[in-house]
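*Asks:* Here it is, the structure in full.
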Amino acid sequence: DTGVSQDPRHKITKRGQNVTFRCDPISEHNRLYWYRQTLGQGPEFLTYFQNEAQLEKSRLLSDRFSAERPKGSFSTLEIQRTEQGDSAMYLCASSLGQAGYNTGELFFGEGSRLTVL
Amino acid sequence: AQSVAQPEDQVNVAEGNPLTVKCTYSVSGNPYLFWYVQYPNRGLQFLLKYITGDNLVKGSYGFEDEFNKSQTSFHLKKPSALVSDSALYFCAVRDIFSSGTYKYIFGTGTRLKVLA
């Protein structure tokens, strides 16, 4: 079990550029979450996938943000036309949910830190 | 909506002393409560959870939690702190989407410093 992996770990970009982050969840986990964490704050929910279906999106997720999980395995989070306010740590987490059973805890990746200059 | 609050931004404790990191919650129905720890530039690691049952929950690395329904609290405790426990601690509550699936609401975090 390699855990949840995220790539890249760090990304520095200029305002207006597009960036994409990738998350590989634990292989048997069907639930995948994206969170954003800014300095001094707790993680804030962005979006949720169950298998390949994106079931929930936060109002924090503007039109410049898009997320996919095309085959129910890895997921990508793309930010278009980045702004300085997008600078944050983007965290991916996965969990195993089955009908009538859910252990509850999330397993987080190491995060992708974005700096927009 | 479910929520959690961490009233302390920072807690300092001497190595070897007991530590407590506080969390209170507001939920409708039965609470599903969690603690996570975050080391610098790392993701969050699960420590322990309370779903139902005993009010004292034991988790990873010697941490335990005392659930108190009357005070709506879920404080993280450890009998003897280590310098390596210094980190950022988050409590979280499980909420439910309109679709019936789960989301997790995190507190703002408490920075624990264990002094040698």
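Residue numbering restarts at 1 in every chain; chains get A, B, ... in the order shown in the structure tokens, and ligands count up from 1 in that same order.
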Using only C-alpha atoms, tabulate the residues of range 3-56 of chain A lying at most 12 Å from any atom of range 37-40 of chain B, each with its closest atom pair and that distance in Å to one decimal, by chain and increasing residue number, as CSV.
*Replies:*
```
residue,atom,partner,partner_atom,distance
A:Gln37,CA,B:Gln38,CA,11.6
A:Leu39,CA,B:Pro40,CA,11.1
A:Gly40,CA,B:Pro40,CA,11.8
A:Gln41,CA,B:Gln38,CA,11.9
A:Gly42,CA,B:Gln38,CA,10.3
A:Pro43,CA,B:Gln38,CA,11.0
```
*Asks:* With chain B as the partner and 9 Å as the cut-off, tabulate the residues of chain A that qualify, each row holding the nearest pair of atoms and their distance in Å to one decimal, using only C-alpha atoms, sorted by chain and rising number, as a tab-separated table.
*Replies:*
```
residue	atom	partner	partner_atom	distance
A:Tyr33	CA	B:Lys103	CA	8.5
A:Gly40	CA	B:Thr108	CA	7.2
A:Gln41	CA	B:Thr108	CA	4.9
A:Gly42	CA	B:Thr108	CA	4.4
A:Pro43	CA	B:Phe106	CA	6.2
A:Glu44	CA	B:Phe106	CA	7.3
A:Phe45	CA	B:Ile105	CA	7.6
A:Tyr48	CA	B:Lys103	CA	8.1
A:Gln50	CA	B:Thr101	CA	8.8
A:Leu55	CA	B:Ser99	CA	7.4
A:Glu56	CA	B:Phe97	CA	7.6
A:Met89	CA	B:Asn41	CA	8.7
A:Leu91	CA	B:Gly43	CA	7.0
A:Cys92	CA	B:Gly43	CA	8.7
A:Gly104	CA	B:Arg94	CA	8.0
A:Glu105	CA	B:Phe46	CA	6.9
A:Leu106	CA	B:Phe46	CA	7.2
A:Phe107	CA	B:Gln45	CA	7.0
A:Phe108	CA	B:Leu44	CA	5.7
A:Gly109	CA	B:Gly43	CA	5.4
A:Glu110	CA	B:Gly43	CA	4.0
A:Gly111	CA	B:Gly43	CA	5.6
A:Arg113	CA	B:Asn41	CA	8.4
```
*Asks:* Restricted to C-alpha atoms, what would the selected residues look like written as a PDB file, in the first residue's frame?
*Replies:*
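New file part.pdb:
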```pdb
ATOM      1  CA  TYR A  33     -11.883  14.393  -2.046  1.00  0.00           C
ATOM      2  CA  GLY A  40      -3.199  29.113   9.368  1.00  0.00           C
ATOM      3  CA  GLN A  41      -6.460  27.524   8.282  1.00  0.00           C
ATOM      4  CA  GLY A  42      -7.952  24.087   8.290  1.00  0.00           C
ATOM      5  CA  PRO A  43      -8.633  22.250   5.059  1.00  0.00           C
ATOM      6  CA  GLU A  44     -11.648  23.526   3.111  1.00  0.00           C
ATOM      7  CA  PHE A  45     -13.679  21.162   0.993  1.00  0.00           C
ATOM      8  CA  TYR A  48     -15.899  14.995  -4.048  1.00  0.00           C
ATOM      9  CA  GLN A  50     -17.510   8.619  -5.833  1.00  0.00           C
ATOM     10  CA  LEU A  55     -21.100  14.276  -6.836  1.00  0.00           C
ATOM     11  CA  GLU A  56     -20.372  17.456  -4.957  1.00  0.00           C
ATOM     12  CA  MET A  89      -1.867  23.736  -0.441  1.00  0.00           C
ATOM     13  CA  LEU A  91      -4.843  18.249  -0.573  1.00  0.00           C
ATOM     14  CA  CYS A  92      -6.281  15.054  -1.945  1.00  0.00           C
ATOM     15  CA  GLY A 104     -15.018   7.106   8.226  1.00  0.00           C
ATOM     16  CA  GLU A 105     -11.453   8.283   8.206  1.00  0.00           C
ATOM     17  CA  LEU A 106      -9.838   9.998   5.270  1.00  0.00           C
ATOM     18  CA  PHE A 107      -6.356   9.163   4.039  1.00  0.00           C
ATOM     19  CA  PHE A 108      -4.543  12.256   2.829  1.00  0.00           C
ATOM     20  CA  GLY A 109      -1.751  12.739   0.362  1.00  0.00           C
ATOM     21  CA  GLU A 110       1.225  14.975   1.051  1.00  0.00           C
ATOM     22  CA  GLY A 111      -0.390  17.850  -0.797  1.00  0.00           C
ATOM     23  CA  ARG A 113       1.680  23.504  -2.776  1.00  0.00           C
TER      24      ARG A 113
END
```
*Asks:* Nearest to Gln80 in chain A among A:Arg64, A:Arg36, A:Lys57, A:Lys14, with distances taken over only C-alpha atoms: which residue is it?
*Replies:*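 Counting only C-alpha atoms, the residue closest to Gln80 in chain A is A:Arg64.
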*Asks:* Excluding range 4-7 of chain B and its own-chain neighbours fewer than 5 positions away, which residues fall within 6 Å of it when counting only C-alpha atoms? Please give them as a list in words.
*Replies:*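 In the requested format, the answer is Lys22, Cys23, Thr24, Tyr25 and Gly107 of chain B.
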*Asks:* DSSP says helix (DSSP H, G or I) for which residues of range 3-109 of chain B? Put them as a ChimeraX atom specification?
*Replies:* /B:60-62,83-85
*Asks:* Set the distance at 9 Å and use only C-alpha atoms: which residues neighbour Gly16 in chain A once local chain neighbours fewer than 6 positions away are removed? I'd like the list as a PDB file with N, CA and C atoms, in the first residue's frame.
*Replies:*
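Okay, part28.pdb is ready:
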```
ATOM      1  N   GLN A  80      -7.375  27.150 -14.134  1.00  0.00           N
ATOM      2  CA  GLN A  80      -7.071  27.971 -15.301  1.00  0.00           C
ATOM      3  C   GLN A  80      -6.915  29.428 -14.888  1.00  0.00           C
ATOM      4  N   ARG A  81      -6.077  30.125 -15.611  1.00  0.00           N
ATOM      5  CA  ARG A  81      -5.868  31.578 -15.400  1.00  0.00           C
ATOM      6  C   ARG A  81      -5.643  31.856 -13.918  1.00  0.00           C
ATOM      7  N   THR A  82      -4.614  31.258 -13.379  1.00  0.00           N
ATOM      8  CA  THR A  82      -4.371  31.352 -11.942  1.00  0.00           C
ATOM      9  C   THR A  82      -4.284  32.790 -11.458  1.00  0.00           C
ATOM     10  N   GLU A  83      -4.699  32.973 -10.231  1.00  0.00           N
ATOM     11  CA  GLU A  83      -4.638  34.264  -9.551  1.00  0.00           C
ATOM     12  C   GLU A  83      -3.826  34.084  -8.269  1.00  0.00           C
ATOM     13  N   VAL A 116       1.458  31.302  -6.677  1.00  0.00           N
ATOM     14  CA  VAL A 116       1.184  32.099  -7.874  1.00  0.00           C
ATOM     15  C   VAL A 116       1.846  33.467  -7.706  1.00  0.00           C
TER      16      VAL A 116
END
```
*Asks:* With distances taken over only C-alpha atoms, which of B:Val57, B:Leu82, B:Val11, B:Val93 is nearest to Pro31 in chain B?
*Replies:*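 Checking each candidate against Pro31 in chain B, we get B:Val93 as the closest.
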